[in-house]
$ cat input.txt   # compact mmCIF, C-alpha atoms
# COMPACT_ATOMS: atom_id res chain seq x y z
CA MET F 511 27.93 -8.39 -1.17
CA PRO F 512 24.83 -8.58 1.05
CA ASN F 513 24.33 -11.69 3.12
CA ALA F 514 21.64 -13.19 5.32
CA ASP F 515 23.78 -12.83 8.43
CA TYR F 516 24.25 -9.09 8.05
CA THR F 517 24.34 -7.13 11.29
CA PRO F 518 24.09 -3.33 10.98
CA PRO F 519 27.21 -1.55 12.24
CA GLU F 520 26.98 0.97 15.03
CA VAL F 521 27.57 3.78 12.52
CA TRP F 522 26.59 3.34 8.86
CA SER F 523 29.03 4.19 6.06
CA HIS F 524 28.51 4.21 2.31
CA ASP F 525 29.79 1.21 0.34
CA ALA F 526 29.78 2.03 -3.38
CA GLU F 527 30.18 -1.65 -4.28
CA ASN F 528 26.96 -2.61 -2.53
CA GLY F 529 24.39 -0.56 -4.43
CA GLY F 530 23.23 -2.92 -7.15
CA LYS F 531 22.30 -1.60 -10.60
CA PHE F 532 22.51 2.08 -9.66
CA ALA F 533 25.64 1.93 -7.53
CA SER F 534 27.59 4.13 -9.92
CA ILE F 535 25.31 7.15 -9.38
CA ASN F 536 23.79 6.67 -5.93
CA ARG F 537 25.45 8.53 -3.08
CA PRO F 538 24.28 9.66 0.37
CA THR F 539 24.94 13.30 -0.52
CA ALA F 540 23.08 15.99 -2.47
CA GLY F 541 24.22 18.77 -4.78
CA ALA F 542 25.78 19.24 -8.19
CA ARG F 543 28.63 17.01 -9.31
CA GLU F 544 29.54 18.92 -12.47
CA ASP F 545 28.94 22.30 -14.10
CA LYS F 546 26.34 21.68 -16.79
CA GLU F 547 23.74 24.14 -17.97
CA LEU F 548 20.32 23.03 -19.11
CA PRO F 549 19.04 23.67 -22.65
CA LEU F 550 16.21 26.15 -23.12
CA GLY F 551 13.53 26.17 -25.80
CA LYS F 552 11.07 28.84 -26.94
CA HIS F 553 8.01 27.85 -24.94
CA ASP F 554 6.92 29.07 -21.52
CA PHE F 555 7.21 25.58 -20.09
CA GLN F 556 10.52 23.75 -20.05
CA LEU F 557 10.34 20.15 -18.89
CA TYR F 558 13.42 18.13 -17.95
CA SER F 559 12.51 14.50 -17.63
CA LEU F 560 12.66 10.88 -18.73
CA ALA F 561 9.78 8.54 -19.62
CA THR F 562 9.78 6.69 -16.30
CA PRO F 563 6.44 6.37 -14.47
CA ASN F 564 7.13 9.59 -12.59
CA GLY F 565 8.30 11.44 -15.69
CA VAL F 566 5.31 10.35 -17.75
CA LYS F 567 2.94 12.00 -15.28
CA ALA F 568 4.15 15.44 -16.39
CA THR F 569 4.12 14.78 -20.13
CA ILE F 570 0.64 13.25 -20.02
CA MET F 571 -0.60 16.29 -18.08
CA LEU F 572 0.87 18.73 -20.58
CA GLU F 573 -0.48 16.78 -23.54
CA GLU F 574 -3.92 16.55 -21.90
CA LEU F 575 -3.95 20.33 -21.44
CA LEU F 576 -3.10 20.83 -25.10
CA GLU F 577 -5.72 18.28 -26.15
CA ALA F 578 -8.27 20.23 -24.10
CA GLY F 579 -7.44 23.42 -26.02
CA HIS F 580 -5.07 25.13 -23.60
CA SER F 581 -2.57 26.40 -26.18
CA GLY F 582 -0.60 28.14 -23.45
CA ALA F 583 0.56 24.73 -22.24
CA GLU F 584 2.94 24.29 -25.19
CA TYR F 585 6.24 23.01 -23.89
CA ASP F 586 9.75 21.88 -24.67
CA ALA F 587 10.70 18.51 -23.21
CA TRP F 588 14.39 17.69 -22.74
CA THR F 589 15.68 14.25 -21.85
CA ILE F 590 17.55 13.81 -18.59
CA ASP F 591 19.53 10.56 -18.70
CA ILE F 592 19.35 9.53 -15.06
CA GLY F 593 21.50 6.45 -15.70
CA ASN F 594 24.26 8.75 -16.92
CA GLY F 595 23.88 11.17 -13.99
CA ASP F 596 22.44 14.16 -15.91
CA GLN F 597 20.33 14.96 -12.84
CA PHE F 598 23.48 15.96 -10.97
CA GLY F 599 24.47 18.73 -13.37
CA SER F 600 24.51 22.22 -11.85
CA GLY F 601 21.67 23.52 -14.03
CA PHE F 602 19.37 20.67 -13.06
CA VAL F 603 20.23 20.89 -9.36
CA ASP F 604 19.44 24.62 -9.45
CA LEU F 605 15.89 23.68 -10.49
CA ASN F 606 15.61 20.58 -8.34
CA PRO F 607 17.84 20.24 -5.27
CA ASN F 608 16.56 16.67 -4.90
CA SER F 609 18.02 15.65 -8.30
CA LYS F 610 14.96 13.71 -9.44
CA ILE F 611 12.87 13.85 -12.59
CA PRO F 612 10.54 15.37 -13.66
CA THR F 613 11.39 19.03 -13.13
CA LEU F 614 9.53 21.96 -14.68
CA LEU F 615 10.58 25.54 -15.34
CA ASP F 616 7.54 27.82 -15.75
CA ARG F 617 8.44 31.06 -17.54
CA SER F 618 4.86 32.19 -18.15
CA GLY F 619 4.83 34.81 -15.40
CA GLU F 620 6.88 37.86 -14.48
CA LYS F 621 9.54 35.66 -12.90
CA PRO F 622 10.53 32.08 -13.77
CA VAL F 623 9.21 29.50 -11.31
CA ARG F 624 10.79 26.12 -10.67
CA VAL F 625 8.50 23.22 -9.82
CA PHE F 626 9.84 19.83 -8.76
CA GLU F 627 8.18 16.61 -7.57
CA SER F 628 5.59 15.14 -9.93
CA GLY F 629 2.60 15.78 -7.68
CA ALA F 630 3.54 19.45 -7.34
CA ILE F 631 3.90 19.75 -11.13
CA LEU F 632 0.44 18.28 -11.70
CA MET F 633 -1.15 20.62 -9.14
CA HIS F 634 0.73 23.65 -10.47
CA LEU F 635 -0.44 23.05 -14.02
CA ALA F 636 -3.98 22.10 -13.00
CA GLU F 637 -4.40 25.29 -10.99
CA LYS F 638 -2.74 27.45 -13.62
CA PHE F 639 -5.07 26.29 -16.39
CA GLY F 640 -8.12 25.46 -14.30
CA ALA F 641 -8.26 21.90 -15.59
CA PHE F 642 -8.30 18.32 -14.25
CA LEU F 643 -8.69 19.49 -10.65
CA PRO F 644 -12.22 20.37 -9.48
CA THR F 645 -12.95 23.37 -7.33
CA ASP F 646 -16.21 22.08 -5.85
CA HIS F 647 -16.84 19.59 -3.02
CA THR F 648 -15.11 16.80 -4.99
CA ARG F 649 -11.72 18.53 -4.82
CA ALA F 650 -10.76 16.92 -1.51
CA GLU F 651 -11.49 13.44 -2.88
CA VAL F 652 -9.33 14.06 -5.95
CA LEU F 653 -6.48 15.43 -3.86
CA SER F 654 -6.71 12.47 -1.52
CA TRP F 655 -6.22 10.06 -4.42
CA LEU F 656 -3.48 12.20 -5.91
CA PHE F 657 -1.48 12.07 -2.70
CA TRP F 658 -2.36 8.41 -2.21
CA GLN F 659 -0.37 7.79 -5.36
CA VAL F 660 2.48 10.12 -4.41
CA GLY F 661 2.85 8.34 -1.08
CA SER F 662 2.49 4.86 -2.58
CA ALA F 663 5.00 5.04 -5.45
CA PRO F 664 8.08 4.52 -3.25
CA PHE F 665 6.69 1.17 -2.07
CA ILE F 666 6.16 0.06 -5.67
CA GLY F 667 9.35 1.41 -7.24
CA GLY F 668 11.99 1.77 -4.57
CA GLY F 669 10.49 -1.13 -2.63
CA PHE F 670 9.09 -3.91 -4.80
CA GLY F 671 10.82 -2.89 -8.02
CA HIS F 672 14.22 -2.58 -6.42
CA PHE F 673 14.27 -5.82 -4.49
CA TYR F 674 12.47 -7.88 -7.14
CA ALA F 675 14.34 -6.62 -10.21
CA TYR F 676 17.43 -4.57 -9.35
CA ALA F 677 18.98 -5.71 -6.07
CA PRO F 678 22.30 -7.55 -6.53
CA GLU F 679 20.90 -10.60 -4.73
CA LYS F 680 17.35 -11.84 -4.16
CA TYR F 681 16.10 -12.04 -0.59
CA GLU F 682 12.75 -13.47 0.43
CA TYR F 683 11.84 -11.03 3.19
CA PRO F 684 12.05 -7.69 1.29
CA ILE F 685 10.49 -9.17 -1.86
CA ASN F 686 7.59 -10.60 0.16
CA ARG F 687 7.22 -7.39 2.14
CA TYR F 688 6.94 -5.15 -0.90
CA ALA F 689 5.02 -7.63 -3.05
CA MET F 690 2.38 -7.68 -0.30
CA GLU F 691 2.24 -3.90 -0.17
CA THR F 692 2.09 -3.53 -3.96
CA LYS F 693 -0.80 -6.00 -4.15
CA ARG F 694 -2.54 -4.19 -1.31
CA LEU F 695 -2.27 -0.92 -3.24
CA PHE F 696 -3.69 -2.56 -6.36
CA ASP F 697 -6.55 -3.86 -4.24
CA VAL F 698 -7.20 -0.38 -2.86
CA ALA F 699 -7.45 0.95 -6.41
CA ASP F 700 -9.53 -1.99 -7.59
CA LYS F 701 -12.11 -1.58 -4.83
CA ARG F 702 -12.35 2.15 -5.53
CA LEU F 703 -12.71 1.63 -9.28
CA GLU F 704 -15.39 -1.00 -8.74
CA ARG F 705 -17.74 1.80 -7.71
CA SER F 706 -16.24 4.80 -9.46
CA GLN F 707 -15.31 5.41 -13.08
CA TYR F 708 -12.14 7.25 -12.09
CA LEU F 709 -10.14 7.47 -8.88
CA GLY F 710 -11.47 10.87 -7.91
CA GLY F 711 -15.05 10.25 -9.02
CA ASP F 712 -16.95 10.60 -12.30
CA GLU F 713 -14.38 12.83 -13.98
CA TYR F 714 -10.84 12.18 -15.22
CA THR F 715 -8.45 14.24 -13.07
CA VAL F 716 -4.88 14.68 -11.89
CA ALA F 717 -5.43 11.68 -9.61
CA ASP F 718 -5.74 9.42 -12.65
CA ILE F 719 -2.89 11.14 -14.47
CA ALA F 720 -0.64 10.51 -11.46
CA ALA F 721 -1.57 6.88 -10.87
CA PHE F 722 -1.88 5.60 -14.43
CA PRO F 723 1.85 5.63 -15.34
CA TRP F 724 2.69 3.46 -12.32
CA ILE F 725 -0.21 1.04 -12.61
CA ALA F 726 -0.42 0.61 -16.40
CA PRO F 727 2.98 -1.10 -16.88
CA PHE F 728 1.93 -3.84 -14.47
CA VAL F 729 -1.31 -4.38 -16.39
CA PHE F 730 0.43 -4.44 -19.77
CA GLY F 731 3.48 -6.32 -18.51
CA GLY F 732 6.09 -3.67 -19.23
CA ILE F 733 7.84 -3.26 -15.89
CA TYR F 734 10.16 -5.28 -13.66
CA GLY F 735 10.35 -8.38 -15.85
CA GLU F 736 7.76 -10.99 -14.84
CA ALA F 737 6.11 -8.77 -12.22
CA ARG F 738 2.69 -8.96 -13.89
CA LYS F 739 2.62 -12.73 -13.48
CA PHE F 740 4.39 -12.75 -10.10
CA LEU F 741 1.80 -10.39 -8.59
CA SER F 742 -1.22 -11.93 -10.38
CA ILE F 743 -2.20 -8.52 -11.74
CA HIS F 744 -4.98 -10.15 -13.79
CA GLU F 745 -6.97 -10.40 -10.55
CA TYR F 746 -7.69 -6.65 -10.53
CA GLU F 747 -10.42 -6.44 -13.16
CA HIS F 748 -11.57 -2.91 -12.34
CA VAL F 749 -8.03 -1.60 -12.50
CA ASP F 750 -7.70 -3.38 -15.85
CA ARG F 751 -10.81 -1.58 -17.18
CA TRP F 752 -9.56 1.80 -15.96
CA VAL F 753 -6.03 1.35 -17.34
CA LYS F 754 -7.18 0.25 -20.79
CA ALA F 755 -9.65 3.12 -21.09
CA ILE F 756 -7.06 5.74 -20.15
CA ALA F 757 -4.43 4.18 -22.43
CA GLU F 758 -6.66 4.94 -25.42
CA ARG F 759 -6.71 8.69 -24.78
CA PRO F 760 -4.75 10.49 -27.55
CA ALA F 761 -2.93 12.73 -25.07
CA VAL F 762 -1.89 9.71 -23.01
CA LYS F 763 -0.53 7.95 -26.10
CA ARG F 764 1.58 11.00 -26.89
CA GLY F 765 2.65 11.67 -23.32
CA ARG F 766 3.89 8.12 -22.79
CA ILE F 767 6.55 8.38 -25.52
CA VAL F 768 7.93 11.84 -24.74
CA ASN F 769 11.50 11.57 -23.41
CA LYS F 770 11.45 7.84 -24.10
CA THR F 771 14.82 6.56 -25.31
CA TRP F 772 14.29 2.78 -25.38
CA GLY F 773 12.08 0.28 -27.18
CA GLU F 774 10.94 0.48 -30.79
CA GLU F 775 12.17 3.51 -32.72
CA ASP F 776 8.65 4.69 -33.56
CA GLU F 777 7.76 4.63 -29.85
CA GLN F 778 10.60 6.95 -28.81
CA LEU F 779 10.72 10.74 -28.70
CA ARG F 780 13.92 11.98 -27.10
CA GLU F 781 12.87 15.63 -27.24
CA ARG F 782 9.51 17.28 -27.80
CA HIS F 783 9.16 20.86 -29.04
CA SER F 784 5.91 20.84 -31.01
CA ALA F 785 3.04 18.60 -32.07
CA ALA F 786 4.90 17.96 -35.32
CA ASP F 787 7.45 15.89 -33.42
CA PHE F 788 4.88 13.08 -33.13
CA GLU F 789 4.60 12.60 -36.89
CA GLY F 790 5.50 9.05 -37.86
CA LYS F 791 5.23 7.75 -34.32
CA ALA F 792 3.16 4.72 -33.32
CA LEU F 793 0.27 6.38 -31.51
$ encode --input "input.txt" --output "C-alpha cells"
Amino acid sequence: MPNADYTPPEVWSHDAENGGKFASINRPTAGAREDKELPLGKHDFQLYSLATPNGVKATIMLEELLEAGHSGAEYDAWTIDIGNGDQFGSGFVDLNPNSKIPTLLDRSGEKPVRVFESGAILMHLAEKFGAFLPTDHTRAEVLSWLFWQVGSAPFIGGGFGHFYAYAPEKYEYPINRYAMETKRLFDVADKRLERSQYLGGDEYTVADIAAFPWIAPFVFGGIYGEARKFLSIHEYEHVDRWVKAIAERPAVKRGRIVNKTWGEEDEQLRERHSAADFEGKAL
C-alpha cells in the first residue's frame, strides 16, 4: 500500500496490488488481451462507448446532428464495459490502439475510417456534416475552447477524480493539487461564460458539447461523491446557467443516457440503434 514515506526506486516496476479501484485492468502495456470481434449494426456510424463524460461527448454530438435534421448521422451505439476490460478485445484495439472510449467507425465513404479520441470524433463529425463548427473568423475561438477541454479533462478525471474518489488511500498533497486545478478550470469557464452565452461565442458548438459532460455532473452533484460540496461548485454562477440551459436540449437528454448501464432503469440505454429505442425513457 502507498505510504507517506515512499521513495521512488531507481527503476519503476508495475505493482498490480497498488492500483486502487482499477488495478485489475490497468497495465503499463498496450494491445489486445483477447480475441473478440466487435458487433456491427446497419448504420454508417458505429459507436463503441460507455456513458462516461468522454463517451457522452460522442452520443450528444450524434443526437444533436440528428436533431438538426442530418439524417445521415444515424448510428448504432454499442456498450463497451471498461470495468470488465472490453476495451482490450482485439476488435476494439484494431479501431483504437489506445484502448479508450469512445471510438467511432465511419462507413459512410468508400473505405471505413476509424476515429478515436473524443475531440477527434467531434471534429470529424462536425466537418463531415458542416455543423457545430463555424468556418468563419470564429472558428479559431471555438477550436481553442474545444482543445482547452481536451487538455483539461485529465486534471479533472485522472487527477482530482482519482485521488479524491478512487485512490486506495487519501493523501492531502495530490487532492489539494488537483482540487486547486479543477477549481481553476471552473473559474476559467465561469469568467468566459460571464461575457459569452457559449464557450465559443454566441452559438452552441463542439466546444460546448465537449465540455458539458465533464462540467455538468459537478453542477448536478453526480460525480465523485461529495465533490460538488467539496469544491464549492455553487460559486460558479455563469457555469451553472450554461449547464442548466444545455441540459434542457432534447438531443443532450437523449445523448446522456446512451450506453448508460447504471442508475434508474428508465435512464439507461445499453444499446442505441434507432430513435425508437428512447421510447419509455425519462427524457
$ residues_around --input "input.txt" --residues "Phe665 in chain F" --least-positions-apart "2" --cutoff "8 Å" --atoms "all atoms listed in the file" --output "list in words"
Ser662, Ala663, Gly667, Gly668, Gly669, Phe670, Tyr688, Glu691 and Thr692 of chain F
$ write_last_selection --input "input.txt" --atoms "C-alpha atoms" --output "short mmCIF file (atom, residue, chain, number, x, y, z; two decimals), keeping the file's coordinate frame"
data_model
loop_
_atom_site.label_atom_id
_atom_site.label_comp_id
_atom_site.auth_asym_id
_atom_site.auth_seq_id
_atom_site.Cartn_x
_atom_site.Cartn_y
_atom_site.Cartn_z
CA SER F 662 2.49 4.86 -2.58
CA ALA F 663 5.00 5.04 -5.45
CA GLY F 667 9.35 1.41 -7.24
CA GLY F 668 11.99 1.77 -4.57
CA GLY F 669 10.49 -1.13 -2.63
CA PHE F 670 9.09 -3.91 -4.80
CA TYR F 688 6.94 -5.15 -0.90
CA GLU F 691 2.24 -3.90 -0.17
CA THR F 692 2.09 -3.53 -3.96
#
$ closest_residue --input "input.txt" --among "F:Glu777, F:Asp545, F:Glu682, F:Asp712" --to "Leu793 in chain F" --atoms "all atoms listed in the file"
F:Glu777
$ residues_around --input "input.txt" --residues "Pro612 in chain F" --least-positions-apart "5" --cutoff "10 Å" --atoms "all atoms listed in the file" --output "list in words"
Leu557, Tyr558, Ser559, Leu560, Ala561, Thr562, Pro563, Asn564, Gly565, Val566, Lys567, Ala568, Thr569, Thr589, Ile590, Gln597, Asn606, Val625, Phe626, Glu627, Ser628, Gly629 and Ile631 of chain F
$ closest_residue --input "input.txt" --among "F:Leu709, F:Leu605, F:Ile666, F:Ile570" --to "Ala757 in chain F" --atoms "all atoms listed in the file"
F:Ile570
$ closest_residue --input "input.txt" --among "F:Thr715, F:Ser706, F:Ser742, F:Asn608" --to "Pro644 in chain F" --atoms "all atoms listed in the file"
F:Thr715
$ residues_near_point --input "input.txt" --point "(2.6, 8.2, -7.6)" --cutoff "6 Å" --atoms "all atoms listed in the file" --output "list of chain:residue names"
F:Gln659, F:Val660, F:Ala663, F:Ala720, F:Ala721
$ residues_near_point --input "input.txt" --point "(28.9, 16.2, -16.9)" --cutoff "10 Å" --atoms "all atoms listed in the file" --output "list in words"
Ala542, Arg543, Glu544, Asp545, Lys546, Glu547, Asn594, Gly595, Asp596, Gln597, Phe598, Gly599 and Ser600 of chain F
$ atom_distance --input "input.txt" --atom1 "CA of Pro622 in chain F" --atom2 "CA of Asp554 in chain F"
9.1 Å
$ closest_residue --input "input.txt" --among "F:Glu747, F:Phe555, F:His783, F:Phe642" --to "Val623 in chain F" --atoms "all atoms listed in the file"
F:Phe555
$ closest_residue --input "input.txt" --among "F:Gly731, F:Ile592, F:Ala792, F:Gly579" --to "Lys763 in chain F" --atoms "only C-alpha atoms"
F:Ala792
$ closest_residue --input "input.txt" --among "F:Ala526, F:Ala578, F:Ala699, F:Met571" --to "Arg751 in chain F" --atoms "only C-alpha atoms"
F:Ala699
$ atom_distance --input "input.txt" --atom1 "CA of Ile535 in chain F" --atom2 "CA of Pro684 in chain F"
22.6 Å
$ atom_distance --input "input.txt" --atom1 "CA of Asp787 in chain F" --atom2 "CA of Glu775 in chain F"
13.3 Å
